[in-house]
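Asks: Would you mind keeping the following structure in view while I ask a few things?
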Amino acid sequence: MRTLYILILASLCLIPKNFLYAQGKPVLVQTIRGVVKDNASQTPLPGVTVAVVTTNPLQGTTTDSQGNFRIEGVPVGRHTIKISFIGYEDHVISEMLVGTGKEVILTVGLSESLVQMQEVVISASEQDKGQPINEMALLSARSVSVDETKRYAASVNDPARAALSYAGVSSTDDGSNNIVIRGNSPRGLLWRLEGVEVPNPNHFGDEGASGGGISILSVNMLDNSDFFTGAFPAEYGNALSGVFDIKLRKGNNEKREYAAQAGLLGLDFAAEGPFSRKSKASYLANYRYSTLGILDMIGVKIGGDAVPNFQDFAYKVHVPTAKAGVFSVWGIGGLSRQIQKAEKDSLKWSENADRFQESFSSRMMAHGISHFMPLGQKTYLESVLTYSLNGSQFRYDSLTSDYTPDTHYREQYTNQAGRLSVQLNHKFNAHHTVRTGFIYSNLHFDLFSEGRDEDFNNQLVRYVENNGNTYFMQAYAQWKYRISEKLTLNTGLHSLYFGLNGQTSLEPRAGIKWQFAPRQAVGAGFGVHSRIEAMSAYFAEQRQPDGSYVQPNRKLGFSKAQHYIVSYENQLFDDLRFKGEVYYQRLYNVPVNPSLSSSYSTINFEGGFTTDSLVNTGKGQNYGLELTLEKFFTKNYYFLLNTSLYNSLYTATDGKERNTRFNGKFINSATAGKEFKVGKGRNNLIGINVRLLWAGGRRYTPIDLEKSREQGKAFYLDNRRFELQAPNYFRTDVRVSYRKNRPKASYILSLDIQNVTNRLNVYSQYYDQDKGDLATAYQVGLIPVLNYRIEF
């Protein structure tokens with residue numbers, strides 16, 4: 001039967017593919033090609049059947065000796081691809097978008113079956129939607145596709161904002177893409193790019209923060225990536241709450257292609273293609289400049305003087321060789337700044353705040369060389385060497401009577417890192433795969449912060465001033481044991497050593513998954529995880545009465561957490577899946593203020609410099625239930641429904657258990673969309689996508705109004721920290737898009753409307769000095785983001 005099927009496919013491939021015809025009219029077409037590999041060993045698989053099961057007649061082919069395949073003449077639109085090979089589990093890619101502007105290039109990994117197949121049956125009954133790319137991941141993980149990042153309402157091509165549609169994920173505020181996972185601080189998130197840790201890849205990011213205003217990662221550069229929310233595999237270290245493992249795609253190595261986009265956020269241009277017709281090497285590059293920055297340069301000011309200005313660049317060069325393996329040279333970088341100047345005319349000052357001005361700038365870059373080397377049919381060695389830098393400058397001044405700036409606070413930092421990551425993977429057989437590796441990081445830092453301190457007669461006091469080098473080492477080993485076709489065990493160990501103060505951590509990880517019925521599975525996972533603090537925390541300085549300074553935090557240890565997870569999955573239908581997870585996280589060794597009356601804990605910290613003396617005696621706990629019902633994108637529509645009920649608590653030195661800053665108690669989200677085929681030949685698409693978020697409000701600390709009036713500034717009740725909660729948060733986002741396919745190009749017009757109902761959700765409460773009363777700060781209202789994109 002397999003031989004007969006291959007002969008049928010071969011005859012279909014002989015049909016000319018320049019045009020297909022439907023009722024005598026030409027239909028726009030595109031090429032789908034790629035490579036199929038063994039998921040565990042990354043060895044190319046020859047003779048694999050690849051079929052487009054949604055065309056009539058069916059189109060398909062088989063892979064060559066290098067695992068490559070090509071299917072030409074596929075009509076534009078959504079298609080389902082099925083990849084089958086005797087001895088391996090089938091893989092289905094459902095509702096993949098095929099357009100005229102760019103070829104579709106796939107890299108598919110197949111898992112070896114423990115039960116040998118006897119025949120190939122072409123159907124689309126199995127779905128791998130959302131399954132993580134990393135085969136070592138069993139629980140609390142999912143892949144984030146490029147299609148989802150583009151499609152989800154209000155994601156604006158940002159993977160961090162797209163993650164808000166997933167269970168257990170929320171943000172700190174509307175103006176940021178900070179990711180709060182299961183009630184943890186966003187600082188606990190690890191960003192990885194091409195398999196190695198990178199600094200916060202977002203514009204307008206603070207010291208120690210993991211988010212910012214806008215992602216540096218362009219959707220033109222992204223490949224499908226993995227997102228972890230707990231108990232992640234042993235290869236991931238220096239992460240407390242979650243991991244975003246980002247991949248950059250390879251450029252087209254056969255054809256030059258381009259994409260240009262203009263929108264409210266920025267103007268960007270991407271180019272990719274081969275270096276020559278004889279080489280399989282390719283390049284991919286993207287550059288973006290903020291639209292508001294361009295308008296500001298020509299004198300058009302939108303939103304006043306404080307215009308956010310940013311630019312970023314990314315590239316990847318992919319060079320396969322015959323005997324030396326595959327080399328990749330890649331990098332990303334971004335610059336951002338925002339300046340708010342005070343009016344130099346005291347007659348125009350209506351309140352005290354009018355005399356203040358501030359400026360902020362940030363920078364980030366990461367460049368790397370990756371090498372993938374097969375060592376036989378079952379082993380590969382992967383090495384990555386990187387250099388990264390991130391830093392920012394912030395200044396807050398007031399104007400004196402003669403309009404000269406008087407410094408109230410300023411800070412600047414630069415962190416640099418050189419990293420070497422080496423990973424060895426060996427697949428013994430279909431049952432056993434072992435992966436081990438190490439990561440060495442050389443860290444350089446240059447830190448400075450000072451501000452006016454009331455304890456020293458409002459004089460400028462230095463908080464941090466230090467520069468130097470240290471190192472950070474990690475090693476890991478993990479073993480995946482497929483006990484049977486239905487039962488999989490994954491265990492491992494991760495270790496860390498911080499050269500600055502000799503702190504160590506040994507972290508066991510384990511996960512198990514049992515498919516006890518054809519469509520149902522249960523799993524359990526455990527892991528110990530830790531993370532170093534922002535470098536500025538270790539060098540925080542405190543001025544003594546005699547004018548000298550001490551650094552109380554040099555010996556600060558890792559913040560740690562134990563993750564426990566139990567999961568249940570039910571594939572209700574071929575395109576409908578239910579998933580539930582119960583989790584408990586015990587946080588310990590959390591840095592807190594040593595004062596016995598203090599409620600301060602870094603568990604509530606989002607970013608920025610700290611000036612407090614800290615000790616590792618704090619603790620916390622997060623526990624909750626997450627339920628997900630997901631309808632995959634089939635029959636031109638999808639939906640993703642999530643309910644998360646959770647509690648996030650912490651205990652500082654005063655011994656009282658409190659709500660963390662991020663304890664909203666619940667998150668409900670609904671993301672859905674539908675596409676309509678329109679135009680001649682039904683080659684064009686109209687997409688409508690909606691996202692609704694309903695969650696518990698932000699936590700904030702009460703202000704003593706009378707004492708605030710006496711002191712002329714906000715007086716927070718420290719013993720009631722985060723006791724108050726804003727009203728429930730509700731927001732509706734809408735995305736409408738139109739895709740027009742032409743023979744040589746695709747044109748996409750989209751409008752994202754964030755907070756379409758213009759609901760003003762409460763952000764916090766603050767003390768208004770001029771009015772001598774409490775006031776409410778609100779989050780952003782309606783924001784339309786219009787984009788026009790061309791792919792050719």
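So you can find residues: chains in the structure tokens are A, B, ... in the order shown, residues in each start at 1, and ligands are numbered from 1 in order.
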Taking the chain letters and numbering used in this document, name the residues of region 405-634 of chain A that DSSP puts in alpha helix (DSSP H), as a list in words.
Replies: Met535, Ser536, Ala537 and Tyr538 of chain A
Asks: Tell me, as a ChimeraX atom specification, which residues lie within 6 Å of Asp446 (chain A), counting only C-alpha atoms; anything in the same chain fewer than 2 positions away does not count.
Replies: /A:413-414,466-467
Asks: For Ile83 (chain A), please output as a PDB file with N, CA and C atoms, in the first residue's frame all residues within 9 Å (counting only C-alpha atoms; exclusion window: fewer than 6 positions along the same chain).
Replies:
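Wrote out_26.pdb, looks like this:
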```pdb
ATOM      1  N   VAL A  36      12.391  17.088   6.995  1.00  0.00           N
ATOM      2  CA  VAL A  36      11.841  16.264   8.058  1.00  0.00           C
ATOM      3  C   VAL A  36      12.997  15.548   8.756  1.00  0.00           C
ATOM      4  N   VAL A  48       9.996   9.970   3.723  1.00  0.00           N
ATOM      5  CA  VAL A  48       8.828  10.357   4.519  1.00  0.00           C
ATOM      6  C   VAL A  48       7.733  10.879   3.585  1.00  0.00           C
ATOM      7  N   THR A  49       6.507  10.480   3.830  1.00  0.00           N
ATOM      8  CA  THR A  49       5.373  10.944   3.037  1.00  0.00           C
ATOM      9  C   THR A  49       4.864  12.262   3.594  1.00  0.00           C
ATOM     10  N   VAL A  50       4.793  13.266   2.738  1.00  0.00           N
ATOM     11  CA  VAL A  50       4.275  14.585   3.106  1.00  0.00           C
ATOM     12  C   VAL A  50       3.093  14.882   2.198  1.00  0.00           C
ATOM     13  N   ALA A  51       1.915  15.095   2.783  1.00  0.00           N
ATOM     14  CA  ALA A  51       0.703  15.267   1.985  1.00  0.00           C
ATOM     15  C   ALA A  51      -0.077  16.494   2.432  1.00  0.00           C
ATOM     16  N   GLU A  89       5.624   8.289  14.636  1.00  0.00           N
ATOM     17  CA  GLU A  89       4.290   8.813  14.871  1.00  0.00           C
ATOM     18  C   GLU A  89       3.964   9.899  13.850  1.00  0.00           C
ATOM     19  N   ASP A  90       2.732   9.920  13.386  1.00  0.00           N
ATOM     20  CA  ASP A  90       2.305  10.929  12.424  1.00  0.00           C
ATOM     21  C   ASP A  90       2.382  12.326  13.036  1.00  0.00           C
ATOM     22  N   HIS A  91       2.598  13.294  12.176  1.00  0.00           N
ATOM     23  CA  HIS A  91       2.632  14.692  12.597  1.00  0.00           C
ATOM     24  C   HIS A  91       1.697  15.485  11.695  1.00  0.00           C
ATOM     25  N   VAL A  92       0.825  16.296  12.317  1.00  0.00           N
ATOM     26  CA  VAL A  92      -0.158  17.072  11.566  1.00  0.00           C
ATOM     27  C   VAL A  92       0.046  18.549  11.844  1.00  0.00           C
ATOM     28  N   ILE A  93       0.111  19.345  10.786  1.00  0.00           N
ATOM     29  CA  ILE A  93       0.132  20.803  10.892  1.00  0.00           C
ATOM     30  C   ILE A  93      -1.193  21.289  10.317  1.00  0.00           C
ATOM     31  N   VAL A 108      10.263  19.923  10.304  1.00  0.00           N
ATOM     32  CA  VAL A 108       9.363  19.050  11.050  1.00  0.00           C
ATOM     33  C   VAL A 108      10.172  17.969  11.755  1.00  0.00           C
ATOM     34  N   LEU A 110       9.875  14.343  13.748  1.00  0.00           N
ATOM     35  CA  LEU A 110       9.020  13.188  14.008  1.00  0.00           C
ATOM     36  C   LEU A 110       9.573  12.383  15.177  1.00  0.00           C
TER      37      LEU A 110
END
```
Asks: Here is a test: counting only C-alpha atoms, which residue of A:Ala342, A:Val762, A:Ala314, A:Ile332 is nearest to Tyr403 (chain A)?
Replies: A:Ala342
Asks: Excluding region 661-676 of chain A and residues on its chain fewer than 5 positions from it, collect all residues at most 7 Å away from it, counting only C-alpha atoms, and give them as an MDAnalysis selection string.
Replies: chainID A and resid 165 183:184 604 636:648 685:700 722
Asks: Tell me, which residues of region 218-269 of chain A carry DSSP strand (DSSP E or B), written as number ranges by chain?
Replies: A: 222, 225-228, 242-246, 248, 257-263, 266-269
Asks: Can you write out the residues you just picked, keeping N, CA and C atoms, as a JSON list (two decimals), in the first residue's frame?
Replies:
```json
[["chain", "number", "residue", "atom", "x", "y", "z"],
["A", 222, "LEU", "N", 10.88, 35.66, 13.51],
["A", 222, "LEU", "CA", 10.57, 34.60, 14.46],
["A", 222, "LEU", "C", 10.20, 33.29, 13.79],
["A", 225, "SER", "N", 8.19, 28.99, 18.72],
["A", 225, "SER", "CA", 8.99, 28.99, 19.94],
["A", 225, "SER", "C", 8.24, 28.30, 21.05],
["A", 226, "ASP", "N", 8.94, 28.05, 22.17],
["A", 226, "ASP", "CA", 8.34, 27.37, 23.33],
["A", 226, "ASP", "C", 8.16, 28.34, 24.49],
["A", 227, "PHE", "N", 7.05, 28.16, 25.22],
["A", 227, "PHE", "CA", 6.74, 28.97, 26.39],
["A", 227, "PHE", "C", 6.42, 28.04, 27.55],
["A", 228, "PHE", "N", 7.18, 28.16, 28.66],
["A", 228, "PHE", "CA", 7.04, 27.29, 29.83],
["A", 228, "PHE", "C", 6.52, 28.10, 31.01],
["A", 242, "GLY", "N", 9.22, 31.08, 34.74],
["A", 242, "GLY", "CA", 8.91, 30.58, 33.41],
["A", 242, "GLY", "C", 10.06, 30.81, 32.45],
["A", 243, "VAL", "N", 9.90, 30.28, 31.25],
["A", 243, "VAL", "CA", 10.92, 30.39, 30.20],
["A", 243, "VAL", "C", 10.24, 30.71, 28.88],
["A", 244, "PHE", "N", 10.79, 31.68, 28.16],
["A", 244, "PHE", "CA", 10.37, 31.94, 26.78],
["A", 244, "PHE", "C", 11.57, 31.60, 25.90],
["A", 245, "ASP", "N", 11.47, 30.48, 25.19],
["A", 245, "ASP", "CA", 12.58, 29.95, 24.39],
["A", 245, "ASP", "C", 12.32, 30.32, 22.93],
["A", 246, "ILE", "N", 12.91, 31.43, 22.48],
["A", 246, "ILE", "CA", 12.63, 32.00, 21.16],
["A", 246, "ILE", "C", 13.59, 31.43, 20.12],
["A", 248, "LEU", "N", 14.85, 31.87, 15.98],
["A", 248, "LEU", "CA", 14.87, 32.67, 14.77],
["A", 248, "LEU", "C", 14.80, 31.74, 13.57],
["A", 257, "GLU", "N", 13.16, 37.01, -1.06],
["A", 257, "GLU", "CA", 11.83, 37.47, -0.67],
["A", 257, "GLU", "C", 11.97, 38.68, 0.24],
["A", 258, "TYR", "N", 10.92, 39.52, 0.24],
["A", 258, "TYR", "CA", 10.97, 40.75, 1.01],
["A", 258, "TYR", "C", 9.63, 40.98, 1.70],
["A", 259, "ALA", "N", 9.67, 41.78, 2.75],
["A", 259, "ALA", "CA", 8.45, 42.19, 3.44],
["A", 259, "ALA", "C", 8.66, 43.61, 3.94],
["A", 260, "ALA", "N", 7.64, 44.45, 3.75],
["A", 260, "ALA", "CA", 7.68, 45.83, 4.23],
["A", 260, "ALA", "C", 6.39, 46.11, 4.98],
["A", 261, "GLN", "N", 6.52, 46.86, 6.07],
["A", 261, "GLN", "CA", 5.34, 47.14, 6.90],
["A", 261, "GLN", "C", 5.40, 48.56, 7.42],
["A", 262, "ALA", "N", 4.25, 49.22, 7.40],
["A", 262, "ALA", "CA", 4.12, 50.57, 7.95],
["A", 262, "ALA", "C", 2.93, 50.57, 8.89],
["A", 263, "GLY", "N", 3.13, 51.12, 10.09],
["A", 263, "GLY", "CA", 2.05, 51.14, 11.07],
["A", 263, "GLY", "C", 2.32, 52.15, 12.15],
["A", 266, "GLY", "N", 5.70, 51.29, 14.00],
["A", 266, "GLY", "CA", 6.97, 51.47, 13.32],
["A", 266, "GLY", "C", 6.91, 51.13, 11.85],
["A", 267, "LEU", "N", 7.98, 51.51, 11.17],
["A", 267, "LEU", "CA", 8.20, 51.14, 9.78],
["A", 267, "LEU", "C", 9.30, 50.09, 9.78],
["A", 268, "ASP", "N", 9.04, 48.93, 9.18],
["A", 268, "ASP", "CA", 10.10, 47.93, 9.14],
["A", 268, "ASP", "C", 10.16, 47.25, 7.79],
["A", 269, "PHE", "N", 11.35, 46.74, 7.52],
["A", 269, "PHE", "CA", 11.63, 46.11, 6.23],
["A", 269, "PHE", "C", 12.46, 44.86, 6.46]]
```
Asks: For region 284-295 of chain A, work out the shell of residues within 6 Å, counting only C-alpha atoms and skipping chain neighbours fewer than 2 positions away, then give it as a VMD selection string.
Replies: chain A and resid 251 264 to 272 297 to 298 300 309 to 316
Asks: So what do you get for CA of Val146 (chain A) versus CA of Glu626 (chain A), distance-wise?
Replies: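 Taking CA of Val146 (chain A) and CA of Glu626 (chain A), their separation equals 24.1 Å.
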Asks: Name the residues in contact with Glu581 (chain A) at a cut-off of 10 Å, using only C-alpha atoms, excluding same-chain residues fewer than 2 positions from it; report them as a PyMOL selection string.
Replies: chain A and resi 139-140+167-168+522-524+565-569+579+583+624-628+644
Asks: Could you name the residues that touch Thr321 (chain A) at 9 Å or less, counting only C-alpha atoms, but leaving out those on the same chain fewer than 6 positions away, as an mmCIF file with all heavy atoms, in the first residue's frame?
Replies:
```
data_model
loop_
_atom_site.group_PDB
_atom_site.id
_atom_site.type_symbol
_atom_site.label_atom_id
_atom_site.label_comp_id
_atom_site.auth_asym_id
_atom_site.auth_seq_id
_atom_site.Cartn_x
_atom_site.Cartn_y
_atom_site.Cartn_z
ATOM 1 N N LYS A 280 23.574 26.463 -0.372
ATOM 2 C CA LYS A 280 22.372 26.317 0.447
ATOM 3 C C LYS A 280 22.353 27.334 1.594
ATOM 4 O O LYS A 280 21.434 27.330 2.414
ATOM 5 C CB LYS A 280 22.309 24.898 1.020
ATOM 6 C CG LYS A 280 22.007 23.821 -0.024
ATOM 7 C CD LYS A 280 20.622 24.014 -0.618
ATOM 8 C CE LYS A 280 20.284 22.906 -1.608
ATOM 9 N NZ LYS A 280 18.932 23.101 -2.203
ATOM 10 N N ALA A 281 23.379 28.205 1.634
ATOM 11 C CA ALA A 281 23.432 29.232 2.670
ATOM 12 C C ALA A 281 22.385 30.304 2.399
ATOM 13 O O ALA A 281 22.030 30.587 1.249
ATOM 14 C CB ALA A 281 24.819 29.850 2.730
ATOM 15 N N PHE A 327 26.473 26.084 10.450
ATOM 16 C CA PHE A 327 26.834 27.282 11.190
ATOM 17 C C PHE A 327 25.742 28.336 11.027
ATOM 18 O O PHE A 327 25.146 28.462 9.956
ATOM 19 C CB PHE A 327 28.164 27.853 10.685
ATOM 20 C CG PHE A 327 29.356 26.988 10.971
ATOM 21 C CD1 PHE A 327 29.727 25.988 10.077
ATOM 22 C CD2 PHE A 327 30.108 27.167 12.130
ATOM 23 C CE1 PHE A 327 30.819 25.182 10.329
ATOM 24 C CE2 PHE A 327 31.211 26.363 12.379
ATOM 25 C CZ PHE A 327 31.571 25.370 11.484
#
```
Asks: Using only C-alpha atoms, which of the listed residues (A:Ala726, A:His408, A:Ser145, A:Thr436) sits closest to Gln765 (chain A)?
Replies: A:Ala726
Asks: List every residue of region 422-473 of chain A that has an atom at most 9 Å from any atom of region 477-487 of chain A, giving for each one its closest atom pair and the distance in Å to one decimal, counting only C-alpha atoms, sorted by chain and then by ascending residue number, as CSV.
Replies:
```
residue,atom,partner,partner_atom,distance
A:Ala430,CA,A:Arg482,CA,7.4
A:His431,CA,A:Arg482,CA,4.6
A:His432,CA,A:Tyr481,CA,4.9
A:Thr433,CA,A:Lys480,CA,5.2
A:Val434,CA,A:Trp479,CA,4.5
A:Arg435,CA,A:Gln478,CA,5.3
A:Thr436,CA,A:Ala477,CA,4.1
A:Gly437,CA,A:Ala477,CA,6.6
A:Phe438,CA,A:Ala477,CA,8.9
```
Asks: If you keep C-alpha atoms, can you produce a file of those selected residues as an mmCIF file, in the first residue's frame?
Replies:
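Written output follows (selection02.cif):
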```
data_model
loop_
_atom_site.group_PDB
_atom_site.id
_atom_site.type_symbol
_atom_site.label_atom_id
_atom_site.label_comp_id
_atom_site.auth_asym_id
_atom_site.auth_seq_id
_atom_site.Cartn_x
_atom_site.Cartn_y
_atom_site.Cartn_z
ATOM 1 C CA ALA A 430 13.226 4.702 20.594
ATOM 2 C CA HIS A 431 13.017 4.390 24.389
ATOM 3 C CA HIS A 432 16.022 6.362 25.671
ATOM 4 C CA THR A 433 17.363 9.850 24.888
ATOM 5 C CA VAL A 434 19.988 11.651 26.985
ATOM 6 C CA ARG A 435 20.888 15.337 26.768
ATOM 7 C CA THR A 436 23.678 16.994 28.723
ATOM 8 C CA GLY A 437 25.522 20.284 28.576
ATOM 9 C CA PHE A 438 27.108 23.263 30.305
#
```
Asks: Tell me, in Å to one decimal, how far CA of Leu782 (chain A) is from CA of Ala154 (chain A).
Replies: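 Interatomic distance, CA of Leu782 (chain A) to CA of Ala154 (chain A): 11.2 Å.
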